[in-house]
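Engineer: Quick one: structure below, then a few questions.
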Amino acid sequence: AQTVTQSQPEMSVQEAETVTLSCTYDTSESDYYLFWYKQPPSRQMILVIRQEAYKQQNATENRFSVNFQKAAKSFSLKISDSQLGDAAMYFCAYRGTGNQFYFGTGTSLTVIP
Amino acid sequence: GAGVSQSPSNKVTEKGKDVELRCDPISGHTALYWYRQRLGQGLEFLIYFQGNSAPDKSGLPSDRFSAERTGESVSTLTIQRTQQEDSAVYLCASSLEVGLKYNEQFFGPGTRLTVL
């Protein structure tokens with residue numbers, strides 16, 4: 001089974017600064033998708049960004065971008081110009097040829113004013 | 001509705017009682033997933049439904065857990081003879097089509113279950 005590892009249980013960043021959340025995964029598949037989800041205290045999971053494994057170009061969504069290293073099986077999330085509203089749990093997720101999503105254990109991000 | 005809804009938002013029950021959790025997916029979404037999220041943990045897959053196909057129950061932790069879905073509509077997750085270790089947030093998600101891997105999952109707000 002695929003595994004997703006988030007090695008940083010907690011991270012903090014100063015408002016307006018940049019922070020990078022790490023994620024690694026283990027798979028033998030070549031075709032898959034990777035996702036970052038945000039879960040604020042409201043519990044509502046929100047998709048932040050997604051990356052197709054066959055695309056070499058890193059996905060970008062406004063202040064959010066990823067560093068996808070397929071050979072290293074690494075998928076980190078960079079948040080630029082951090083805002084107070086970015087404070088949340090962030091989950092990395094993998095979806096391959098099956099229909100299951102595999103989630104990491106999450107990183108709790110604190111934004112310091 | 002515009003999003004995935006779940007009810008109740010919170011449920012407190014006594015050990016040994018049965019509980020039923022409800023999920024209303026986004027209209028037109030063929031796939032529906034249930035997850036369990038224990039305090040401070042990630043999401044644990046429980047079960048998924050795709051249209052009228054047989055559900056994938058591989059994540060259900062015991063035979064006390066069951067789920068139903070009629071067609072592409074509402075789903076209910078039932079936990080029989082609840083135990084304290086069942087205390088968690090139960091999240092439901094739906095997506096447009098299982099066969100398209102890039103389709104994101106849209107999550108409901110979850111049901112927080114507390115077993116006393």
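Chain labels run A, B, ... following the order of the structure tokens; each chain numbers its residues from 1, and ligands are numbered from 1 in the order shown.
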Select, as a PyMOL selection string, those residues of chain B with any atom no more than 12 Å from chain A (distances computed using only C-alpha atoms).
Structural biologist: chain B and resi 3-6+9+31-50+55-59+89-95+97-112
Engineer: Identify, with DSSP run on backbone atoms, the residues in chain B assigned to strand (DSSP E or B), and express the list as a VMD selection string.
Structural biologist: chain B and resid 5 to 7 10 to 13 19 to 24 31 to 37 44 to 50 56 65 to 69 75 to 79 88 to 95 106 to 107 111 to 115
Engineer: Neighbours of Ser74 in chain A within 8 Å (only C-alpha atoms; same-chain residues fewer than 4 positions away dropped), as JSON, numbers by chain?
Structural biologist: {"A": [22, 23, 24, 25, 67, 68, 69, 70]}
Engineer: Restricted to all heavy atoms, what would the selected residues look like written as a compact mmCIF listing (two decimals), in the first residue's frame?
Structural biologist:
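Final file, again_22.txt:
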# COMPACT_ATOMS: atom_id res chain seq x y z
N SER A 22 6.85 19.83 4.31
CA SER A 22 7.40 18.70 3.57
C SER A 22 6.44 17.51 3.53
O SER A 22 5.61 17.33 4.44
CB SER A 22 8.74 18.27 4.16
OG SER A 22 8.54 17.76 5.47
N CYS A 23 6.58 16.72 2.50
CA CYS A 23 5.78 15.51 2.33
C CYS A 23 6.57 14.54 1.48
O CYS A 23 7.11 14.93 0.43
CB CYS A 23 4.44 15.84 1.67
SG CYS A 23 3.46 14.39 1.20
N THR A 24 6.66 13.32 1.91
CA THR A 24 7.25 12.27 1.06
C THR A 24 6.25 11.13 0.97
O THR A 24 5.36 10.98 1.81
CB THR A 24 8.57 11.75 1.64
OG1 THR A 24 8.35 11.24 2.97
CG2 THR A 24 9.62 12.84 1.68
N TYR A 25 6.39 10.35 -0.07
CA TYR A 25 5.45 9.26 -0.29
C TYR A 25 6.19 8.06 -0.86
O TYR A 25 7.30 8.19 -1.37
CB TYR A 25 4.31 9.72 -1.22
CG TYR A 25 4.79 10.21 -2.55
CD1 TYR A 25 4.86 9.38 -3.66
CD2 TYR A 25 5.21 11.54 -2.71
CE1 TYR A 25 5.34 9.83 -4.87
CE2 TYR A 25 5.69 11.99 -3.92
CZ TYR A 25 5.76 11.15 -4.99
OH TYR A 25 6.23 11.61 -6.19
N ASN A 67 6.97 21.94 -4.71
CA ASN A 67 8.25 21.48 -5.25
C ASN A 67 8.12 19.96 -5.37
O ASN A 67 8.24 19.24 -4.37
CB ASN A 67 9.40 21.87 -4.34
CG ASN A 67 10.74 21.45 -4.92
OD1 ASN A 67 10.82 20.95 -6.06
ND2 ASN A 67 11.80 21.63 -4.16
N PHE A 68 7.83 19.52 -6.58
CA PHE A 68 7.59 18.11 -6.83
C PHE A 68 8.87 17.48 -7.36
O PHE A 68 9.35 17.84 -8.44
CB PHE A 68 6.45 17.95 -7.82
CG PHE A 68 6.20 16.54 -8.28
CD1 PHE A 68 6.10 15.50 -7.37
CD2 PHE A 68 6.04 16.25 -9.63
CE1 PHE A 68 5.87 14.20 -7.80
CE2 PHE A 68 5.81 14.96 -10.07
CZ PHE A 68 5.72 13.93 -9.15
N GLN A 69 9.41 16.53 -6.62
CA GLN A 69 10.61 15.82 -7.01
C GLN A 69 10.22 14.35 -7.15
O GLN A 69 10.21 13.60 -6.17
CB GLN A 69 11.71 15.98 -5.95
CG GLN A 69 12.09 17.42 -5.65
CD GLN A 69 12.89 18.02 -6.79
OE1 GLN A 69 13.61 17.32 -7.51
NE2 GLN A 69 12.75 19.33 -6.97
N LYS A 70 9.89 13.94 -8.39
CA LYS A 70 9.34 12.60 -8.60
C LYS A 70 10.34 11.51 -8.23
O LYS A 70 9.98 10.51 -7.61
CB LYS A 70 8.88 12.43 -10.05
CG LYS A 70 8.07 11.16 -10.28
CD LYS A 70 7.48 11.13 -11.67
CE LYS A 70 6.60 9.90 -11.83
NZ LYS A 70 5.98 9.83 -13.19
Engineer: Pick out the residues sitting within 7 Å of Leu77 in chain A, and hand them over as a list in words; count only C-alpha atoms, and ignore anything fewer than 3 positions along from it in its own chain.
Structural biologist: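 Once the nearby chain positions are removed, what remains is Thr20, Leu21, Ser22, Phe64, Ser65, Val66 and Asn67 of chain A.
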Engineer: Store the residues picked out above in a file with C-alpha atoms, as a PDB file, in the first residue's frame.
Structural biologist:
ATOM      1  CA  THR A  20       7.703  25.133   3.357  1.00  0.00           C
ATOM      2  CA  LEU A  21       5.857  22.025   4.493  1.00  0.00           C
ATOM      3  CA  SER A  22       7.402  18.698   3.565  1.00  0.00           C
ATOM      4  CA  PHE A  64       0.859  28.401  -2.883  1.00  0.00           C
ATOM      5  CA  SER A  65       3.330  26.380  -4.915  1.00  0.00           C
ATOM      6  CA  VAL A  66       4.803  22.932  -4.776  1.00  0.00           C
ATOM      7  CA  ASN A  67       8.247  21.479  -5.254  1.00  0.00           C
TER       8      ASN A  67
END
